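Enquirer: Quick one: this structure, given as structure tokens, is what I'll be asking you about.
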Amino acid sequence: MIKIAIAGNIASGKSAVEGFFKAKGYDVIDTDKIGHEILNSSSDEIIKAFEGVDISTNGKIDRQKLGAVVFSSYPERKKLENIVHPLIRQRLEDYFAAHTDEKVILVAIPLIFEAKMEDLFDKIIFVFADDETRLERLMARNNFTKEDAMKRINSQMSQFMKLEESDYVFHNNGTLENLQNQVNDFCNKILEAL
């Protein structure tokens, strides 16, 4: 079994890459979805950890409120990560253990380096787009102000540090067609050879 991570900083194009792999017939585990499930299933624990901070609506975690808190404060972000990241790691380890017969497992895991989960994978793909491009995408996609978009961009480890730790890089400053061609080449030259 070859375990391949798809990483990339916010608004780099990870979701597009994930979609292209799925279109080629590959399953991709999305850790963002796992994270959202954990927010729902562990909401009481998280609300208790953030006691005195308004992060809920009607007893359930409000992701917009939580995002405003954690992207404005490093200690608050670490508090959330210390709850969620170990649970994501456990889910991945359980999945890998239950699917040992699969040839390739692809996992979209944006914060692989921040969460220190590199050890779970054999290879890492990094989706790279320059900061200005990501800023524009984030403001357009999420309707963020420049300040809010920059808070999210600056909350992540530098892309250039991650490039050095990755095995493959998909460049995404151009068109979606160009990105798709890079995924196709990877599938044809790397995955098919496994």
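Within each chain, counting starts at residue 1; across the structure tokens, chains are named A, B, ... in the order shown, with ligands numbered 1 upward in that order.
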What are the nearest atom pairs, with distances in Å to one decimal, for all residues of stretch 11-93 of chain A that come at most 9 Å from stretch 156-174 of chain A, using only C-alpha atoms, set out by chain and rising residue number as CSV?

Expert:
residue,atom,partner,partner_atom,distance
A:Ser12,CA,A:Asn172,CA,6.8
A:Gly13,CA,A:Asn172,CA,6.7
A:Val17,CA,A:Phe170,CA,8.8

Enquirer: Please dump the current selection as a PDB file, in the first residue's frame; keep C-alpha atoms.

Expert:
ATOM      1  CA  SER A  12      -3.972  26.789  -3.479  1.00  0.00           C
ATOM      2  CA  GLY A  13      -6.253  24.433  -5.418  1.00  0.00           C
ATOM      3  CA  VAL A  17      -6.661  18.418  -7.493  1.00  0.00           C
TER       4      VAL A  17
END

Enquirer: As a PyMOL selection string, please: the residues near stretch 96-108 of chain A (cut-off 6 Å, only C-alpha atoms, same-chain neighbours under 2 positions excluded).

Expert: chain A and resi 1-6+28-30+93-94

Enquirer: Let me see the file: selected residues, N, CA and C atoms, as a PDB file, in the first residue's frame.

Expert:
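Wrote part.pdb, looks like this:
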ATOM      1  N   MET A   1       0.845  -1.193   0.000  1.00  0.00           N
ATOM      2  CA  MET A   1       0.000   0.000   0.000  1.00  0.00           C
ATOM      3  C   MET A   1       0.888   1.253   0.000  1.00  0.00           C
ATOM      4  N   ILE A   2       0.582   2.161  -0.929  1.00  0.00           N
ATOM      5  CA  ILE A   2       1.275   3.453  -0.981  1.00  0.00           C
ATOM      6  C   ILE A   2       0.292   4.516  -0.498  1.00  0.00           C
ATOM      7  N   LYS A   3       0.688   5.265   0.529  1.00  0.00           N
ATOM      8  CA  LYS A   3      -0.167   6.307   1.090  1.00  0.00           C
ATOM      9  C   LYS A   3       0.380   7.660   0.639  1.00  0.00           C
ATOM     10  N   ILE A   4      -0.449   8.385  -0.099  1.00  0.00           N
ATOM     11  CA  ILE A   4      -0.016   9.663  -0.683  1.00  0.00           C
ATOM     12  C   ILE A   4      -0.872  10.794  -0.130  1.00  0.00           C
ATOM     13  N   ALA A   5      -0.214  11.807   0.421  1.00  0.00           N
ATOM     14  CA  ALA A   5      -0.901  12.986   0.932  1.00  0.00           C
ATOM     15  C   ALA A   5      -0.967  14.057  -0.150  1.00  0.00           C
ATOM     16  N   ILE A   6      -2.096  14.756  -0.197  1.00  0.00           N
ATOM     17  CA  ILE A   6      -2.244  15.941  -1.059  1.00  0.00           C
ATOM     18  C   ILE A   6      -2.354  17.128  -0.113  1.00  0.00           C
ATOM     19  N   VAL A  28     -10.404   9.621  -2.729  1.00  0.00           N
ATOM     20  CA  VAL A  28      -9.569  10.551  -1.967  1.00  0.00           C
ATOM     21  C   VAL A  28     -10.250  10.810  -0.625  1.00  0.00           C
ATOM     22  N   ILE A  29      -9.542  10.530   0.453  1.00  0.00           N
ATOM     23  CA  ILE A  29     -10.058  10.834   1.785  1.00  0.00           C
ATOM     24  C   ILE A  29      -9.808  12.316   2.034  1.00  0.00           C
ATOM     25  N   ASP A  30     -10.834  13.023   2.496  1.00  0.00           N
ATOM     26  CA  ASP A  30     -10.730  14.463   2.723  1.00  0.00           C
ATOM     27  C   ASP A  30     -10.713  14.741   4.224  1.00  0.00           C
ATOM     28  N   GLU A  93      -5.286   6.459  10.775  1.00  0.00           N
ATOM     29  CA  GLU A  93      -4.628   5.199  11.126  1.00  0.00           C
ATOM     30  C   GLU A  93      -5.618   4.035  11.077  1.00  0.00           C
ATOM     31  N   ASP A  94      -6.831   4.257  11.569  1.00  0.00           N
ATOM     32  CA  ASP A  94      -7.861   3.213  11.527  1.00  0.00           C
ATOM     33  C   ASP A  94      -8.221   2.867  10.086  1.00  0.00           C
TER      34      ASP A  94
END

Enquirer: Using DSSP secondary structure from the backbone, list all strand (DSSP E or B) positions within stretch 19-88 of chain A, as a compact mmCIF listing (two decimals) with N, CA and C atoms, in the first residue's frame.

Expert:
# COMPACT_ATOMS: atom_id res chain seq x y z
N VAL A 28 -10.40 9.62 -2.73
CA VAL A 28 -9.57 10.55 -1.97
C VAL A 28 -10.25 10.81 -0.63
N ILE A 29 -9.54 10.53 0.45
CA ILE A 29 -10.06 10.83 1.79
C ILE A 29 -9.81 12.32 2.03
N ASP A 30 -10.83 13.02 2.50
CA ASP A 30 -10.73 14.46 2.72
C ASP A 30 -10.71 14.74 4.22
N SER A 56 -20.54 29.15 19.72
CA SER A 56 -21.66 28.25 19.43
C SER A 56 -22.95 29.01 19.19
N THR A 57 -23.87 28.30 18.54
CA THR A 57 -25.22 28.80 18.33
C THR A 57 -26.16 27.65 18.69
N LYS A 60 -24.55 24.25 19.52
CA LYS A 60 -23.72 23.60 18.48
C LYS A 60 -22.63 24.57 18.05
N ILE A 61 -21.49 24.00 17.67
CA ILE A 61 -20.39 24.85 17.22
C ILE A 61 -20.80 25.61 15.96

Enquirer: Which is closest to A:Glu114 among A:Arg63, A:Ile88, A:Glu132, A:Glu81, if we use only C-alpha atoms?

Expert: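 Checking each of A:Arg63, A:Ile88, A:Glu132, A:Glu81 against A:Glu114, counting only C-alpha atoms, the winner is A:Glu81.
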
Enquirer: Residues of chain A classed as alpha helix (DSSP H) by DSSP on the backbone are to be reported as a ChimeraX atom specification.

Expert: /A:14-23,31-41,43-49,63-70,74-98,131-142,146-154,159-165,176-189

Enquirer: Select, from A:Lys14, A:Lys24, A:Gln64, A:Lys151, the residue with the minimum atom-to-atom distance to A:Asn188, counting only C-alpha atoms.

Expert: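 Nearest to A:Asn188: A:Lys24.
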
Enquirer: Return the single residue from A:Asp62, A:Glu45, A:Asp148, A:Asp54 that is closest to A:Leu80, with distances computed using only C-alpha atoms.

Expert: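 Going through A:Asp62, A:Glu45, A:Asp148, A:Asp54 one by one, the smallest distance to A:Leu80 is for A:Glu45.
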